[in-house]
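Novice: Handing over work-v7.cif, mmCIF, C-alpha atoms.
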```cif
data_query
loop_
_atom_site.label_atom_id
_atom_site.label_comp_id
_atom_site.auth_asym_id
_atom_site.auth_seq_id
_atom_site.Cartn_x
_atom_site.Cartn_y
_atom_site.Cartn_z
CA MET Z 1 35.45 -32.13 -15.23
CA SER Z 2 37.83 -35.08 -15.18
CA PHE Z 3 35.86 -36.99 -17.80
CA PRO Z 4 35.56 -35.20 -21.14
CA ILE Z 5 32.45 -35.79 -23.17
CA SER Z 6 33.09 -37.54 -26.46
CA ALA Z 7 31.47 -36.62 -29.76
CA GLY Z 8 29.62 -39.91 -29.79
CA LEU Z 9 28.26 -39.30 -26.34
CA LEU Z 10 27.08 -35.82 -27.33
CA ASP Z 11 25.39 -37.24 -30.43
CA SER Z 12 23.65 -39.95 -28.47
CA MET Z 13 22.49 -37.58 -25.73
CA VAL Z 14 21.07 -35.09 -28.23
CA LEU Z 15 19.34 -37.91 -30.11
CA ALA Z 16 17.85 -39.12 -26.84
CA ILE Z 17 16.56 -35.66 -25.93
CA VAL Z 18 14.92 -35.15 -29.30
CA SER Z 19 13.53 -38.69 -29.38
CA CYS Z 20 11.45 -37.98 -26.28
CA GLU Z 21 9.71 -35.13 -28.00
CA ASP Z 22 10.34 -32.86 -31.00
CA THR Z 23 12.09 -29.84 -29.59
CA TYR Z 24 14.09 -26.73 -30.48
CA GLY Z 25 17.65 -25.51 -30.07
CA TYR Z 26 17.35 -23.61 -26.83
CA GLU Z 27 15.58 -26.40 -25.00
CA ILE Z 28 18.10 -28.96 -26.21
CA THR Z 29 21.00 -26.84 -24.97
CA GLN Z 30 19.32 -26.25 -21.61
CA THR Z 31 18.63 -29.95 -21.12
CA MET Z 32 22.19 -30.84 -22.05
CA ARG Z 33 23.62 -28.25 -19.69
CA LYS Z 34 21.68 -29.77 -16.82
CA ALA Z 35 23.62 -33.00 -17.23
CA VAL Z 36 27.01 -32.09 -18.67
CA ASP Z 37 29.21 -29.06 -18.83
CA VAL Z 38 28.95 -28.20 -22.53
CA SER Z 39 28.79 -24.82 -24.16
CA GLU Z 40 25.88 -23.97 -26.43
CA SER Z 41 28.42 -23.53 -29.17
CA THR Z 42 29.31 -27.22 -28.96
CA LEU Z 43 25.76 -28.22 -29.72
CA TYR Z 44 25.24 -26.47 -33.03
CA PRO Z 45 27.86 -28.63 -34.76
CA VAL Z 46 26.34 -31.70 -33.13
CA LEU Z 47 22.87 -30.87 -34.44
CA LYS Z 48 24.32 -30.02 -37.84
CA ARG Z 49 26.20 -33.29 -37.97
CA LEU Z 50 23.13 -35.29 -36.99
CA GLN Z 51 21.16 -33.51 -39.70
CA LYS Z 52 23.81 -34.18 -42.33
CA SER Z 53 23.89 -37.85 -41.44
CA GLN Z 54 20.09 -37.90 -41.62
CA MET Z 55 19.54 -38.82 -38.00
CA LEU Z 56 17.60 -35.63 -37.38
CA GLU Z 57 15.28 -33.62 -39.58
CA THR Z 58 13.95 -30.13 -38.96
CA TYR Z 59 10.80 -28.17 -39.50
CA ASP Z 60 9.89 -24.58 -38.66
CA LYS Z 61 7.05 -23.59 -36.43
CA GLU Z 62 5.93 -20.08 -35.68
CA TYR Z 63 6.37 -18.89 -32.15
CA MET Z 64 5.64 -15.30 -31.02
CA GLY Z 65 5.95 -13.91 -34.52
CA ARG Z 66 9.20 -15.65 -35.38
CA ASN Z 67 10.30 -19.04 -36.56
CA ARG Z 68 11.47 -21.72 -34.25
CA ARG Z 69 13.32 -24.65 -35.73
CA TYR Z 70 12.15 -27.95 -34.34
CA TYR Z 71 14.18 -31.13 -34.52
CA HIS Z 72 12.74 -34.57 -35.11
CA VAL Z 73 14.44 -37.97 -34.92
CA THR Z 74 14.32 -39.97 -38.17
CA ALA Z 75 13.99 -43.74 -38.35
CA LYS Z 76 17.73 -43.88 -38.99
CA GLY Z 77 18.34 -41.71 -35.94
CA ALA Z 78 16.15 -43.91 -33.78
CA ALA Z 79 18.05 -47.01 -34.88
CA GLN Z 80 21.36 -45.27 -34.19
CA LEU Z 81 20.11 -44.20 -30.77
CA SER Z 82 19.24 -47.72 -29.73
CA SER Z 83 22.65 -48.93 -30.82
CA TYR Z 84 24.24 -46.02 -28.91
CA ARG Z 85 22.26 -47.06 -25.85
CA SER Z 86 23.38 -50.65 -25.88
CA GLU Z 87 26.96 -49.58 -26.57
CA TRP Z 88 26.78 -47.16 -23.67
CA LEU Z 89 25.44 -49.80 -21.30
CA GLU Z 90 28.20 -52.17 -22.26
CA HIS Z 91 30.82 -49.46 -21.94
CA LYS Z 92 29.45 -48.33 -18.59
CA GLN Z 93 29.41 -51.83 -17.19
CA LYS Z 94 33.04 -52.39 -18.21
CA VAL Z 95 34.14 -49.12 -16.63
CA ASP Z 96 32.08 -49.80 -13.52
CA SER Z 97 33.55 -53.26 -13.17
CA ILE Z 98 36.93 -51.64 -12.64
CA LEU Z 99 36.10 -48.24 -11.24
CA LEU Z 100 33.55 -49.47 -8.70
CA LYS Z 101 35.13 -52.86 -8.05
CA ASP Z 102 36.21 -51.97 -4.54
CA GLN Z 103 32.70 -50.92 -3.63
CA THR Z 104 31.16 -53.98 -5.23
CA GLU Z 105 33.13 -56.30 -2.99
CA LYS Z 106 32.38 -54.31 0.14
CA THR Z 107 28.63 -53.92 -0.21
CA VAL Z 108 27.28 -56.54 -2.53
CA THR Z 109 23.63 -56.19 -1.64
CA ASN Z 110 23.67 -52.42 -1.53
CA ASN Z 111 25.44 -52.15 -4.85
CA ASN Z 112 22.91 -54.29 -6.67
CA GLU Z 113 20.30 -51.76 -5.85
CA GLU Z 114 22.57 -48.93 -6.79
CA GLU Z 115 23.43 -50.49 -10.13
CA GLU Z 116 19.81 -50.96 -10.95
CA LEU Z 117 19.23 -47.36 -10.07
CA LEU Z 118 22.19 -46.22 -12.17
CA SER Z 119 21.18 -48.15 -15.26
CA SER Z 120 17.62 -46.97 -15.10
CA GLU Z 121 18.91 -43.46 -14.64
CA SER Z 122 21.18 -43.74 -17.63
CA ILE Z 123 18.30 -44.80 -19.84
CA VAL Z 124 16.22 -41.86 -18.73
CA GLY Z 125 19.12 -39.47 -18.72
CA ILE Z 126 20.72 -40.34 -22.04
CA MET I 1 28.00 -8.20 -25.10
CA LYS I 2 24.47 -7.86 -26.42
CA ARG I 3 22.83 -10.03 -29.07
CA LEU I 4 23.18 -7.54 -31.89
CA GLU I 5 26.87 -6.95 -31.33
CA TYR I 6 27.53 -10.66 -30.93
CA MET I 7 25.63 -11.61 -34.06
CA THR I 8 27.31 -8.86 -36.10
CA ILE I 9 30.78 -10.07 -35.17
CA LEU I 10 29.82 -13.69 -35.77
CA ARG I 11 28.42 -12.91 -39.22
CA GLN I 12 31.48 -10.89 -40.17
CA LYS I 13 33.83 -13.68 -39.13
CA LEU I 14 31.84 -16.31 -41.00
CA VAL I 15 31.78 -14.17 -44.12
CA ASP I 16 35.53 -13.57 -43.79
CA GLY I 17 36.03 -17.30 -43.45
CA GLY I 18 34.45 -17.80 -46.87
CA LEU I 19 31.52 -19.85 -45.63
CA GLY I 20 28.62 -20.21 -48.08
CA ASN I 21 25.60 -17.99 -47.60
CA ASP I 22 23.28 -20.89 -46.78
CA GLU I 23 25.57 -22.18 -44.05
CA ILE I 24 26.05 -18.68 -42.63
CA ASN I 25 22.32 -18.05 -42.47
CA ASP I 26 21.70 -21.46 -40.96
CA ALA I 27 24.22 -20.89 -38.19
CA LEU I 28 23.08 -17.33 -37.53
CA GLU I 29 19.46 -18.43 -37.31
CA PHE I 30 20.38 -21.06 -34.75
CA TYR I 31 22.29 -18.65 -32.51
CA GLU I 32 19.72 -15.91 -32.99
CA GLU I 33 17.12 -18.36 -31.74
CA LEU I 34 19.20 -19.15 -28.67
CA PHE I 35 19.44 -15.46 -27.86
CA LEU I 36 15.72 -14.88 -28.36
CA ASP I 37 14.66 -17.99 -26.41
CA GLY I 38 17.14 -17.10 -23.69
CA GLY I 39 15.25 -13.86 -23.19
CA TYR I 40 16.07 -10.22 -23.83
CA GLU I 41 17.21 -9.61 -20.27
CA ASN I 42 19.65 -12.55 -20.42
CA GLU I 43 21.43 -11.58 -23.62
CA GLU I 44 24.69 -10.86 -21.81
CA GLN I 45 24.55 -14.24 -20.11
CA THR I 46 23.77 -16.06 -23.37
CA ALA I 47 26.68 -14.33 -25.06
CA GLN I 48 28.94 -15.35 -22.19
CA ASN I 49 27.80 -18.97 -22.45
CA LEU I 50 28.50 -19.00 -26.16
CA GLY I 51 31.98 -17.62 -25.61
CA ASP I 52 34.03 -15.40 -27.86
CA PRO I 53 32.19 -14.94 -31.19
CA GLU I 54 35.48 -15.17 -33.05
CA MET I 55 36.20 -18.57 -31.52
CA LEU I 56 32.67 -19.67 -32.28
CA ALA I 57 33.07 -18.63 -35.91
CA LYS I 58 36.33 -20.60 -36.13
CA GLN I 59 34.60 -23.61 -34.69
CA ILE I 60 31.72 -23.37 -37.18
CA LEU I 61 34.16 -22.98 -40.06
CA ALA I 62 36.18 -25.97 -38.88
CA GLU I 63 33.09 -28.09 -38.48
CA ASN I 64 31.91 -27.19 -41.96
CA GLY I 65 35.26 -28.12 -43.39
CA ALA I 66 35.18 -31.44 -41.60
CA VAL I 67 31.58 -32.39 -42.31
CA GLY I 68 31.34 -35.67 -44.11
CA PHE I 69 34.65 -36.89 -42.77
CA VAL I 70 33.50 -37.05 -39.16
CA LYS I 71 31.74 -40.28 -38.46
CA PRO I 72 30.25 -40.12 -34.99
CA GLN I 73 31.62 -42.97 -32.90
CA PRO I 74 31.01 -43.45 -29.21
CA THR I 75 34.65 -43.75 -28.32
CA MET I 76 36.28 -41.93 -25.47
CA ASP I 77 39.33 -40.75 -27.40
CA ASP I 78 37.80 -38.10 -29.69
CA TYR I 79 37.33 -35.51 -27.01
CA VAL I 80 35.21 -32.49 -27.73
CA ASP I 81 37.22 -29.86 -25.98
CA ASN I 82 39.53 -27.10 -27.16
CA ARG I 83 42.22 -29.53 -28.21
CA GLY I 84 39.71 -31.33 -30.37
CA ALA I 85 38.51 -28.10 -31.89
CA GLN I 86 42.04 -27.08 -32.81
CA GLN I 87 42.71 -30.46 -34.35
CA THR I 88 39.71 -30.22 -36.62
CA GLN I 89 40.80 -26.75 -37.68
CA THR I 90 43.68 -28.25 -39.61
CA THR I 91 41.10 -29.49 -42.10
CA GLN I 92 40.13 -25.92 -42.88
CA PRO I 93 42.26 -25.55 -46.03
CA ALA I 94 40.28 -28.39 -47.61
CA TYR I 95 37.20 -26.29 -47.11
CA ASN I 96 38.69 -23.19 -48.69
CA ILE I 97 37.58 -24.29 -52.14
CA ALA I 98 34.86 -21.81 -51.33
CA PRO I 99 31.39 -22.02 -52.92
CA ASP I 100 31.98 -18.52 -54.28
CA ASN I 101 34.76 -19.86 -56.44
CA ARG I 102 32.33 -22.24 -58.06
CA ARG I 103 30.32 -19.27 -59.28
CA THR I 104 33.39 -17.58 -60.66
CA ALA I 105 34.32 -20.84 -62.35
CA LEU I 106 30.85 -21.06 -63.87
CA LEU I 107 31.19 -17.53 -65.22
CA ILE I 108 34.57 -18.33 -66.73
CA ILE I 109 33.18 -21.47 -68.33
CA VAL I 110 30.28 -19.50 -69.79
CA LEU I 111 32.67 -16.85 -71.15
CA VAL I 112 35.14 -19.36 -72.62
CA THR I 113 32.49 -21.50 -74.27
CA SER I 114 30.92 -18.34 -75.69
CA ILE I 115 33.36 -18.79 -78.61
CA VAL I 116 31.29 -21.83 -79.56
CA TRP I 117 27.76 -20.85 -78.61
CA ALA I 118 27.80 -17.12 -79.39
CA PRO I 119 28.09 -17.52 -83.22
CA THR I 120 25.48 -20.29 -83.16
CA LEU I 121 23.18 -18.09 -81.13
CA ILE I 122 23.74 -15.09 -83.39
CA GLY I 123 23.14 -17.29 -86.46
CA LEU I 124 19.90 -18.65 -85.04
CA LEU I 125 18.79 -15.17 -84.05
CA SER I 126 19.51 -13.76 -87.52
CA GLY I 127 17.66 -16.70 -89.08
CA ALA I 128 14.63 -16.10 -86.89
CA PHE I 129 14.79 -12.39 -87.70
CA ALA I 130 14.98 -13.07 -91.45
CA VAL I 131 11.98 -15.40 -91.31
CA ALA I 132 10.02 -12.81 -89.36
CA VAL I 133 10.91 -10.03 -91.83
CA GLY I 134 10.07 -12.32 -94.78
CA LEU I 135 6.65 -13.16 -93.37
CA ALA I 136 6.02 -9.49 -92.62
CA ALA I 137 6.95 -8.64 -96.23
CA VAL I 138 4.55 -11.27 -97.63
CA ILE I 139 1.72 -9.91 -95.51
CA PHE I 140 2.66 -6.35 -96.48
CA SER I 141 2.68 -7.30 -100.16
CA ILE I 142 -0.86 -8.70 -99.84
CA GLY I 143 -1.87 -5.22 -98.68
CA CYS I 144 0.01 -3.65 -101.60
CA VAL I 145 -1.71 -5.95 -104.13
CA GLY I 146 -4.98 -4.87 -102.52
CA VAL I 147 -4.10 -1.20 -103.06
CA GLY I 148 -3.08 -1.95 -106.67
CA LEU I 149 -6.34 -3.79 -107.38
CA LEU I 150 -8.29 -0.95 -105.83
CA VAL I 151 -6.65 1.62 -108.11
CA THR I 152 -6.90 -0.58 -111.24
CA GLY I 153 -10.49 -1.44 -110.34
CA GLY I 154 -11.30 2.26 -110.09
CA VAL I 155 -10.01 2.79 -113.63
CA THR I 156 -11.61 -0.41 -115.04
CA ALA I 157 -14.96 0.51 -113.48
CA PHE I 158 -15.41 3.15 -116.21
CA GLN I 159 -14.76 0.65 -119.06
CA ALA I 160 -16.34 -2.56 -117.68
CA PRO I 161 -18.22 -1.71 -114.50
CA PRO I 162 -18.83 -5.27 -113.19
CA VAL I 163 -15.14 -6.25 -113.50
CA GLY I 164 -14.12 -2.93 -111.99
CA VAL I 165 -16.40 -3.37 -108.98
CA LEU I 166 -15.11 -6.93 -108.50
CA MET I 167 -11.51 -5.68 -108.57
CA ILE I 168 -12.31 -2.86 -106.10
CA GLY I 169 -14.01 -5.40 -103.83
CA VAL I 170 -11.10 -7.83 -103.92
CA GLY I 171 -8.67 -4.94 -103.44
CA LEU I 172 -10.50 -3.70 -100.36
CA PHE I 173 -10.68 -7.25 -99.01
CA LEU I 174 -6.92 -7.74 -99.44
CA ILE I 175 -6.10 -4.36 -97.81
CA GLY I 176 -8.29 -5.27 -94.85
CA LEU I 177 -6.71 -8.71 -94.58
CA GLY I 178 -3.20 -7.24 -94.79
CA VAL I 179 -3.87 -4.64 -92.10
CA LEU I 180 -5.60 -7.19 -89.85
CA ILE I 181 -2.70 -9.66 -89.99
CA PHE I 182 0.24 -7.28 -90.39
CA MET I 183 -0.16 -5.20 -87.22
CA PRO I 184 -0.66 -8.04 -84.71
CA PHE I 185 2.07 -10.06 -86.41
CA CYS I 186 4.60 -7.22 -86.02
CA LYS I 187 3.59 -6.72 -82.42
CA PHE I 188 3.93 -10.44 -81.74
CA VAL I 189 7.38 -10.70 -83.29
CA ILE I 190 8.68 -7.57 -81.53
CA GLY I 191 7.29 -8.87 -78.24
CA LEU I 192 9.02 -12.19 -78.78
CA PHE I 193 12.41 -10.58 -79.42
CA LYS I 194 11.97 -8.26 -76.46
CA LYS I 195 11.20 -11.18 -74.19
CA PHE I 196 14.23 -13.07 -75.43
CA PHE I 197 16.61 -10.16 -74.85
CA THR I 198 15.21 -9.47 -71.38
CA TRP I 199 15.79 -13.10 -70.55
CA VAL I 200 19.39 -13.04 -71.82
CA ILE I 201 20.17 -9.85 -69.94
CA GLY I 202 18.49 -11.21 -66.80
CA ALA I 203 20.54 -14.42 -66.98
CA LEU I 204 23.79 -12.51 -67.43
CA ARG I 205 22.98 -10.14 -64.58
CA LYS I 206 22.18 -13.06 -62.29
CA LEU I 207 25.48 -14.68 -63.12
CA PHE I 208 27.48 -11.52 -62.45
CA ASN I 209 25.51 -10.75 -59.30
CA ASN I 210 26.27 -14.16 -57.86
CA VAL I 211 29.96 -13.57 -58.32
CA ASN I 212 29.81 -10.17 -56.68
CA ASN I 213 27.43 -11.34 -54.00
CA SER I 214 30.01 -12.32 -51.40
CA LYS I 215 31.60 -8.89 -51.65
CA ALA I 216 28.25 -7.20 -51.22
CA VAL I 217 27.46 -9.27 -48.15
CA SER I 218 30.76 -8.50 -46.51
CA ASP I 219 30.15 -4.81 -47.16
CA ASN I 220 26.76 -5.07 -45.48
CA GLY I 221 27.94 -7.20 -42.57
#
```
What is this file in structure tokens?
Specialist:
Amino acid sequence: MSFPISAGLLDSMVLAIVSCEDTYGYEITQTMRKAVDVSESTLYPVLKRLQKSQMLETYDKEYMGRNRRYYHVTAKGAAQLSSYRSEWLEHKQKVDSILLKDQTEKTVTNNNEEEELLSSESIVGI
Amino acid sequence: MKRLEYMTILRQKLVDGGLGNDEINDALEFYEELFLDGGYENEEQTAQNLGDPEMLAKQILAENGAVGFVKPQPTMDDYVDNRGAQQTQTTQPAYNIAPDNRRTALLIIVLVTSIVWAPTLIGLLSGAFAVAVGLAAVIFSIGCVGVGLLVTGGVTAFQAPPVGVLMIGVGLFLIGLGVLIFMPFCKFVIGLFKKFFTWVIGALRKLFNNVNNSKAVSDNG
């Protein structure tokens, strides 16, 4: 992919996934892989880092005779996530203003719709 | 590569890298979970997604060395790709003040300071022992006085029967008292010393075990 995923972006995406619902490692990796091309091995350090900085906490739950570690977003994590989201929106708009400038001028009406669609998508997808 | 093989290599590499036991177990649990949730029939695929276990181990080691220094920032310049991983690896030497060394250091501190605390300990122990023996002797002597009174009472009983009977009575009473107190007291004191020594030996063994632990784990792994 031409656009590498930054550490901050990984952190914010993982936070967003867990904030929807407490979930476990495998599901987080699968959800991430749907959107971006990351290896599972990239996500362990991300989860670890988020735990160390107290954005995520964990608890174990039994599943089919073994333990599954569930992740939960802390208040600190939730605050960080909302700041990530606004930063992302700002960042995206700046990039779009250059990257999609040509298109904006050509189809003003069409693009308004598209931008709305994109921003709503980004909120869901983050 | 199957789960078992993958996990074995990963563990070995993490142990070789000097990572602490807690961190190793934490990482292994995470990847074990991925394998299990991925399904038995997909183990090869999961292993392929995770990539070379040796690389993964290096990455985990690097991340552990860098933890605390990495402040997540949503900037586009700290790429998380191979280049990034190799950059963070340079922080590995900082990590190499391995947790195992802390245990060794603790042992050395305990041994060095033993010059100070060992004589104190021995002194206190001897004192406690002396007190215990003294008390035992007092109790024992009560029994002896009892025996003495019993014998004297037996003799006196022929000359002045009432006094003799009194002395025999007191003598028997003292013997009974001595026996009643002496036996449990000895048992109690011996039990106390036993407990103390077991504790000391246990503490020492724990300390030595901790130091040898990393070796044992690598032998198992």
Novice: For a quick check of understanding, using all atoms listed in the file, which of I:Ile142, I:Ile60, I:Leu4, I:Val163 has the smallest distance to chain Z?
Specialist: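 Nearest to chain Z: I:Ile60.
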Novice: Kindly list the centre and edge lengths in Å, rounded to one decimal, for the axis-aligned box that covers all listed atoms of region 77-86 of chain Z plus 6 Å on each of its six sides, as AutoDock Vina command-line options.
Specialist:
```
--center_x 20.2 --center_y -46.2 --center_z -30.9 --size_x 20.1 --size_y 20.9 --size_z 22.1
```
Novice: Have a look at CA of Phe140 (chain I) and CA of Phe182 (chain I) and let me know their distance in Å, one decimal.
Specialist: 6.6 Å
Novice: Just need the residues of chain Z within 6 Å of chain I, counting only C-alpha atoms, so spit them out as a list in words.
Specialist: Ser6, Ala7, Gly8, Leu9, Tyr26, Glu40 and Ser41 of chain Z
Novice: What's the separation between CA of Met13 (chain Z) and CA of Met32 (chain Z), in Å to one decimal place?
Specialist: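 Between CA of Met13 (chain Z) and CA of Met32 (chain Z) the gap is 7.7 Å.
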Novice: Would you work out the distance separating CA of Thr58 (chain Z) from CA of Leu89 (chain Z), expressed in Å to one decimal?
Specialist: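 Computed distance, CA of Thr58 (chain Z) to CA of Leu89 (chain Z), equals 28.8 Å.
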Novice: Name the closest residue to Gly25 (chain Z) among the candidates I:Asn25, I:Val138, I:Glu32, I:Leu125; distances are taken between atoms, counting only C-alpha atoms.
Specialist: I:Glu32
Novice: Which residues would end up in the selection if the PyMOL selection byres ((chain I and resi 143) around 8) were applied here, given that I need the answer as a list in words?
Specialist: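 What the PyMOL selection byres ((chain I and resi 143) around 8) grabs from the file is Ile139, Phe140, Ser141, Ile142, Cys144, Val145, Gly146, Val147, Leu174, Ile175, Gly176, Leu177, Gly178 and Val179 of chain I.
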Novice: So which one's closest to Glu44 (chain I), I:Ile190, I:Leu172, I:Met1, I:Leu121? Using all atoms listed in the file, please.
Specialist: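 Counting all atoms listed in the file, the residue closest to Glu44 (chain I) is I:Met1.
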Novice: Excluding Lys61 (chain Z) and its own-chain neighbours fewer than 6 positions away, which residues fall within 12 Å of it when counting all atoms listed in the file? Please give them as number ranges by chain.
Specialist: Z: 22-24, 67-71
